[in-house]
>>> print(open('work20.cif').read())   # mmCIF, C-alpha atoms
data_my_file
loop_
_atom_site.label_atom_id
_atom_site.label_comp_id
_atom_site.auth_asym_id
_atom_site.auth_seq_id
_atom_site.Cartn_x
_atom_site.Cartn_y
_atom_site.Cartn_z
CA GLY A 20 158.89 65.63 139.17
CA ALA A 21 157.50 68.93 138.07
CA GLY A 22 157.59 68.14 134.40
CA VAL A 23 158.62 65.50 131.87
CA SER A 24 162.38 65.19 131.89
CA GLN A 25 164.39 63.86 128.97
CA SER A 26 168.07 63.08 128.76
CA PRO A 27 170.41 63.72 127.18
CA SER A 28 169.22 67.00 125.73
CA ASN A 29 171.66 66.63 122.85
CA LYS A 30 173.40 63.58 121.50
CA VAL A 31 175.88 63.33 118.63
CA THR A 32 176.74 59.80 117.61
CA GLU A 33 178.57 58.08 114.82
CA LYS A 34 176.66 56.13 112.23
CA GLY A 35 176.35 52.51 113.27
CA LYS A 36 176.49 53.13 117.02
CA ASP A 37 173.63 52.37 119.41
CA VAL A 38 171.99 55.14 121.44
CA GLU A 39 169.66 55.19 124.43
CA LEU A 40 167.30 58.05 125.10
CA ARG A 41 165.63 58.45 128.46
CA CYS A 42 162.29 59.86 129.53
CA ASP A 43 161.15 60.53 133.10
CA PRO A 44 157.40 61.20 133.03
CA ILE A 45 155.47 63.29 135.50
CA SER A 46 154.99 61.30 138.70
CA GLY A 47 151.70 59.43 138.63
CA HIS A 48 151.24 59.66 134.87
CA THR A 49 150.38 56.18 133.64
CA ALA A 50 150.49 56.91 129.92
CA LEU A 51 153.73 57.70 128.09
CA TYR A 52 154.31 58.45 124.42
CA TRP A 53 157.37 58.78 122.19
CA TYR A 54 157.40 60.95 119.08
CA ARG A 55 160.02 61.88 116.52
CA GLN A 56 160.25 65.28 114.86
CA ARG A 57 162.49 65.75 111.87
CA LEU A 58 163.58 69.26 110.94
CA GLY A 59 160.67 71.31 109.65
CA GLN A 60 158.22 68.46 110.07
CA GLY A 61 155.40 67.58 112.42
CA LEU A 62 155.58 64.97 115.12
CA GLU A 63 155.57 61.30 114.13
CA PHE A 64 154.10 58.91 116.69
CA LEU A 65 156.47 56.08 117.63
CA ILE A 66 155.09 54.13 120.60
CA TYR A 67 152.63 54.39 123.48
CA PHE A 68 152.93 52.85 126.96
CA GLN A 69 150.15 52.26 129.43
CA GLY A 70 152.00 51.34 132.59
CA ASN A 71 154.84 49.10 131.44
CA SER A 72 153.00 47.52 128.53
CA ALA A 73 153.04 48.91 125.00
CA PRO A 74 149.64 48.41 123.38
CA ASP A 75 150.60 50.49 120.36
CA LYS A 76 154.07 50.39 118.86
CA SER A 77 152.85 50.90 115.33
CA GLY A 78 155.00 53.96 114.71
CA LEU A 79 158.40 52.35 115.32
CA PRO A 80 160.07 52.77 111.91
CA SER A 81 162.18 49.60 111.92
CA ASP A 82 163.40 46.78 114.13
CA ARG A 83 166.39 48.94 115.00
CA PHE A 84 164.05 50.90 117.27
CA SER A 85 162.83 49.52 120.59
CA ALA A 86 161.51 50.95 123.81
CA GLU A 87 160.79 49.79 127.31
CA ARG A 88 159.29 51.20 130.44
CA THR A 89 159.80 50.28 134.06
CA GLY A 90 156.45 50.22 135.82
CA GLU A 91 154.84 53.64 135.53
CA SER A 92 158.18 55.36 135.58
CA VAL A 93 161.19 55.82 133.35
CA SER A 94 161.16 54.83 129.70
CA THR A 95 164.12 54.31 127.40
CA LEU A 96 164.06 54.44 123.61
CA THR A 97 166.93 52.53 122.04
CA ILE A 98 168.10 52.96 118.47
CA GLN A 99 170.55 50.33 117.28
CA ARG A 100 173.01 50.78 114.43
CA THR A 101 172.03 54.42 113.97
CA GLN A 102 171.66 55.84 110.47
CA GLN A 103 171.80 59.44 109.34
CA GLU A 104 168.06 59.47 108.72
CA ASP A 105 167.57 58.84 112.44
CA SER A 106 168.72 62.42 113.09
CA ALA A 107 165.76 64.21 114.66
CA VAL A 108 164.38 65.49 117.93
CA TYR A 109 162.86 62.68 119.99
CA LEU A 110 160.05 63.93 122.19
CA CYS A 111 158.41 62.16 125.08
CA ALA A 112 155.00 63.04 126.53
CA SER A 113 153.02 61.74 129.46
CA SER A 114 149.45 62.03 130.64
CA LEU A 115 147.57 61.00 133.74
CA VAL A 116 145.60 58.34 131.92
CA ALA A 117 145.43 57.28 128.31
CA GLY A 118 143.31 59.61 126.27
CA ASN A 119 143.65 62.41 128.79
CA ARG A 120 143.77 65.82 127.18
CA ASP A 121 146.54 66.94 129.50
CA TYR A 122 149.51 65.78 127.52
CA THR A 123 152.78 67.25 128.73
CA PHE A 124 155.84 67.09 126.53
CA GLY A 125 159.44 66.95 127.61
CA SER A 126 161.94 69.28 125.95
CA GLY A 127 163.25 66.46 123.78
CA THR A 128 166.56 64.87 122.85
CA ARG A 129 168.19 66.26 119.73
CA LEU A 130 169.96 63.35 118.05
CA THR A 131 172.52 63.94 115.35
CA VAL A 132 174.03 60.97 113.55
CA VAL A 133 177.27 61.81 111.74
CA ARG B 23 147.52 61.06 101.74
CA LYS B 24 148.65 62.09 105.23
CA GLU B 25 146.20 61.56 108.08
CA VAL B 26 146.45 65.19 109.14
CA GLU B 27 147.42 67.94 106.73
CA GLN B 28 148.25 71.59 107.17
CA ASP B 29 149.49 74.32 104.89
CA PRO B 30 153.10 74.77 106.11
CA GLY B 31 153.13 78.46 105.22
CA PRO B 32 154.97 80.55 106.23
CA PHE B 33 152.29 83.11 106.91
CA ASN B 34 153.85 86.57 107.17
CA VAL B 35 151.42 89.11 108.61
CA PRO B 36 151.68 92.58 110.13
CA GLU B 37 150.91 93.22 113.77
CA GLY B 38 147.20 93.60 114.36
CA ALA B 39 146.21 91.39 111.44
CA THR B 40 143.76 88.53 111.63
CA VAL B 41 145.09 85.21 110.39
CA ALA B 42 143.44 81.82 109.99
CA PHE B 43 144.90 78.34 109.67
CA ASN B 44 143.12 75.23 108.50
CA CYS B 45 143.88 71.60 109.14
CA THR B 46 142.21 68.63 107.45
CA TYR B 47 142.02 65.09 108.79
CA SER B 48 141.21 61.87 106.99
CA ASN B 49 139.90 59.60 109.76
CA SER B 50 136.20 60.24 110.22
CA ALA B 51 136.34 58.37 113.56
CA SER B 52 138.60 61.03 115.05
CA GLN B 53 137.27 62.12 118.39
CA SER B 54 139.33 64.92 119.80
CA PHE B 55 141.11 67.84 118.24
CA PHE B 56 143.78 70.21 119.46
CA TRP B 57 145.95 73.12 118.47
CA TYR B 58 149.50 73.20 119.79
CA ARG B 59 152.02 76.00 119.65
CA GLN B 60 155.70 75.25 119.13
CA ASP B 61 158.40 77.85 119.47
CA CYS B 62 161.72 77.40 117.71
CA ARG B 63 163.72 74.52 119.20
CA LYS B 64 161.16 74.01 121.96
CA GLU B 65 158.60 71.34 122.71
CA PRO B 66 154.95 71.75 121.62
CA LYS B 67 152.60 73.22 124.18
CA LEU B 68 148.83 72.91 124.15
CA LEU B 69 147.21 76.11 122.92
CA MET B 70 143.62 74.98 123.00
CA SER B 71 141.32 72.03 122.54
CA VAL B 72 138.73 72.27 119.77
CA TYR B 73 135.12 71.60 120.72
CA SER B 74 132.26 70.71 118.41
CA SER B 75 130.48 73.99 119.02
CA GLY B 76 133.64 76.02 118.52
CA ASN B 77 135.46 77.76 121.31
CA GLU B 78 137.27 80.98 122.01
CA ASP B 79 140.13 81.91 124.29
CA GLY B 80 140.91 85.59 124.15
CA ARG B 81 142.18 86.42 120.67
CA PHE B 82 142.10 82.76 119.60
CA THR B 83 139.07 80.99 118.14
CA ALA B 84 138.99 77.31 117.22
CA GLN B 85 136.33 75.64 115.11
CA LEU B 86 135.54 72.11 114.03
CA ASN B 87 133.72 71.08 110.88
CA ARG B 88 133.05 67.33 111.13
CA ALA B 89 131.20 67.13 107.82
CA SER B 90 134.18 68.46 105.90
CA GLN B 91 136.72 67.01 108.34
CA TYR B 92 138.69 70.11 109.13
CA ILE B 93 139.54 72.27 112.09
CA SER B 94 140.55 75.89 112.04
CA LEU B 95 142.36 78.38 114.24
CA LEU B 96 141.71 82.10 113.99
CA ILE B 97 144.06 84.60 115.61
CA ARG B 98 142.79 88.16 115.90
CA ASP B 99 144.90 91.26 116.51
CA SER B 100 148.18 89.39 115.97
CA LYS B 101 151.06 90.19 118.29
CA LEU B 102 154.78 89.80 117.64
CA SER B 103 154.77 87.15 120.36
CA ASP B 104 152.35 85.01 118.33
CA SER B 105 155.21 84.17 115.94
CA ALA B 106 155.60 80.40 116.20
CA THR B 107 154.64 77.15 114.51
CA TYR B 108 151.07 76.02 115.07
CA LEU B 109 150.43 72.27 114.99
CA CYS B 110 147.04 70.67 114.78
CA ALA B 111 146.59 67.28 116.41
CA VAL B 112 143.87 64.68 116.15
CA LYS B 113 143.06 61.76 118.43
CA ALA B 114 141.15 58.64 117.46
CA GLY B 115 140.34 55.87 119.91
CA ASN B 116 141.17 55.69 123.60
CA THR B 117 144.93 55.32 123.57
CA GLY B 118 145.64 59.01 123.70
CA LYS B 119 147.87 58.76 120.66
CA LEU B 120 147.86 62.05 118.79
CA ILE B 121 148.43 62.41 115.06
CA PHE B 122 150.02 65.75 114.24
CA GLY B 123 150.03 67.86 111.15
CA GLN B 124 153.36 69.18 109.93
CA GLY B 125 152.70 72.61 111.39
CA THR B 126 152.02 76.07 110.00
CA THR B 127 154.63 78.75 110.58
CA LEU B 128 153.42 82.23 111.51
CA GLN B 129 155.68 85.25 111.45
CA VAL B 130 154.16 88.48 112.76
CA LYS B 131 156.09 91.56 111.64
CA PRO B 132 156.06 95.04 113.20
#
>>> encode(input="work20.cif", output="structure tokens")
Amino acid sequence: GAGVSQSPSNKVTEKGKDVELRCDPISGHTALYWYRQRLGQGLEFLIYFQGNSAPDKSGLPSDRFSAERTGESVSTLTIQRTQQEDSAVYLCASSLVAGNRDYTFGSGTRLTVV
Amino acid sequence: RKEVEQDPGPFNVPEGATVAFNCTYSNSASQSFFWYRQDCRKEPKLLMSVYSSGNEDGRFTAQLNRASQYISLLIRDSKLSDSATYLCAVKAGNTGKLIFGQGTTLQVKP
């Protein structure tokens, strides 16, 4: 596609429910990254994919968070048993190869846990 | 101590002013440095990379000081449209993972 696409754009969920966030990277981009941005804060790195493997998942905050990627395509970030502190914007970025300067971000999923 | 730190501001300046932001990083092995611009409720967009010799793009000048481990962004002749949050980002290693500062908010007033 023309850009990185994320869905849904907004998600309100009840505490304790599971949520799935989706990221469609730019076609041909092998590297994919997930970040979290809390209100008024910078971006926190969550996980990095090269193809469908995740060499760096050091930023996942707890075992409630997991992510997978199908080939060099769609990635889903799953948050189980959501908590209020999970409320944030979840941003996905892709680049042609790892380390490439041409990161492109999606417009994010705004998650609100009530 | 955070890996990348910025003064959150806000910086309130009049149109036409010159404003500078600094960003410090703790990992001396950091290899690449960037400034991103983020408008309210939007995703970050790359403003400029920061090169060792310093670089300029119109009214924007970026500099890197490896010895003191900081990067800076200078905006000359500020415009109302420059109002945004400016995020510095640092990359170490070959994964492409970026570490972001918390952002500095700039408000340019008429």
>>> resolve_selection(input="work20.cif", expression="the PyMOL selection byres ((chain B and resi 99-103) around 6)", output="ChimeraX atom specification")
/B:37-40,98,104-105,130
>>> interface_residues(input="work20.cif", of="chain B", to="chain A", cutoff="12 Å", atoms="all atoms listed in the file", output="PyMOL selection string")
chain B and resi 24-32+53-72+107-127
>>> write_last_selection(input="work20.cif", atoms="C-alpha atoms", output="short mmCIF file (atom, residue, chain, number, x, y, z; two decimals), keeping the file's coordinate frame")
data_model
loop_
_atom_site.label_atom_id
_atom_site.label_comp_id
_atom_site.auth_asym_id
_atom_site.auth_seq_id
_atom_site.Cartn_x
_atom_site.Cartn_y
_atom_site.Cartn_z
CA LYS B 24 148.65 62.09 105.23
CA GLU B 25 146.20 61.56 108.08
CA VAL B 26 146.45 65.19 109.14
CA GLU B 27 147.42 67.94 106.73
CA GLN B 28 148.25 71.59 107.17
CA ASP B 29 149.49 74.32 104.89
CA PRO B 30 153.10 74.77 106.11
CA GLY B 31 153.13 78.46 105.22
CA PRO B 32 154.97 80.55 106.23
CA GLN B 53 137.27 62.12 118.39
CA SER B 54 139.33 64.92 119.80
CA PHE B 55 141.11 67.84 118.24
CA PHE B 56 143.78 70.21 119.46
CA TRP B 57 145.95 73.12 118.47
CA TYR B 58 149.50 73.20 119.79
CA ARG B 59 152.02 76.00 119.65
CA GLN B 60 155.70 75.25 119.13
CA ASP B 61 158.40 77.85 119.47
CA CYS B 62 161.72 77.40 117.71
CA ARG B 63 163.72 74.52 119.20
CA LYS B 64 161.16 74.01 121.96
CA GLU B 65 158.60 71.34 122.71
CA PRO B 66 154.95 71.75 121.62
CA LYS B 67 152.60 73.22 124.18
CA LEU B 68 148.83 72.91 124.15
CA LEU B 69 147.21 76.11 122.92
CA MET B 70 143.62 74.98 123.00
CA SER B 71 141.32 72.03 122.54
CA VAL B 72 138.73 72.27 119.77
CA THR B 107 154.64 77.15 114.51
CA TYR B 108 151.07 76.02 115.07
CA LEU B 109 150.43 72.27 114.99
CA CYS B 110 147.04 70.67 114.78
CA ALA B 111 146.59 67.28 116.41
CA VAL B 112 143.87 64.68 116.15
CA LYS B 113 143.06 61.76 118.43
CA ALA B 114 141.15 58.64 117.46
CA GLY B 115 140.34 55.87 119.91
CA ASN B 116 141.17 55.69 123.60
CA THR B 117 144.93 55.32 123.57
CA GLY B 118 145.64 59.01 123.70
CA LYS B 119 147.87 58.76 120.66
CA LEU B 120 147.86 62.05 118.79
CA ILE B 121 148.43 62.41 115.06
CA PHE B 122 150.02 65.75 114.24
CA GLY B 123 150.03 67.86 111.15
CA GLN B 124 153.36 69.18 109.93
CA GLY B 125 152.70 72.61 111.39
CA THR B 126 152.02 76.07 110.00
CA THR B 127 154.63 78.75 110.58
#
>>> atom_distance(input="work20.cif", atom1="atom CA of A:Phe84", atom2="atom CA of A:Pro27")
17.4 Å
>>> atom_distance(input="work20.cif", atom1="atom CA of A:Thr131", atom2="atom CA of A:Arg83")
16.2 Å
>>> resolve_selection(input="work20.cif", expression="the PyMOL selection byres ((chain A and resi 98-103) around 12)", output="MDAnalysis selection string")
chainID A and resid 30:41 57 79:87 95:97 104:107 109 130:133
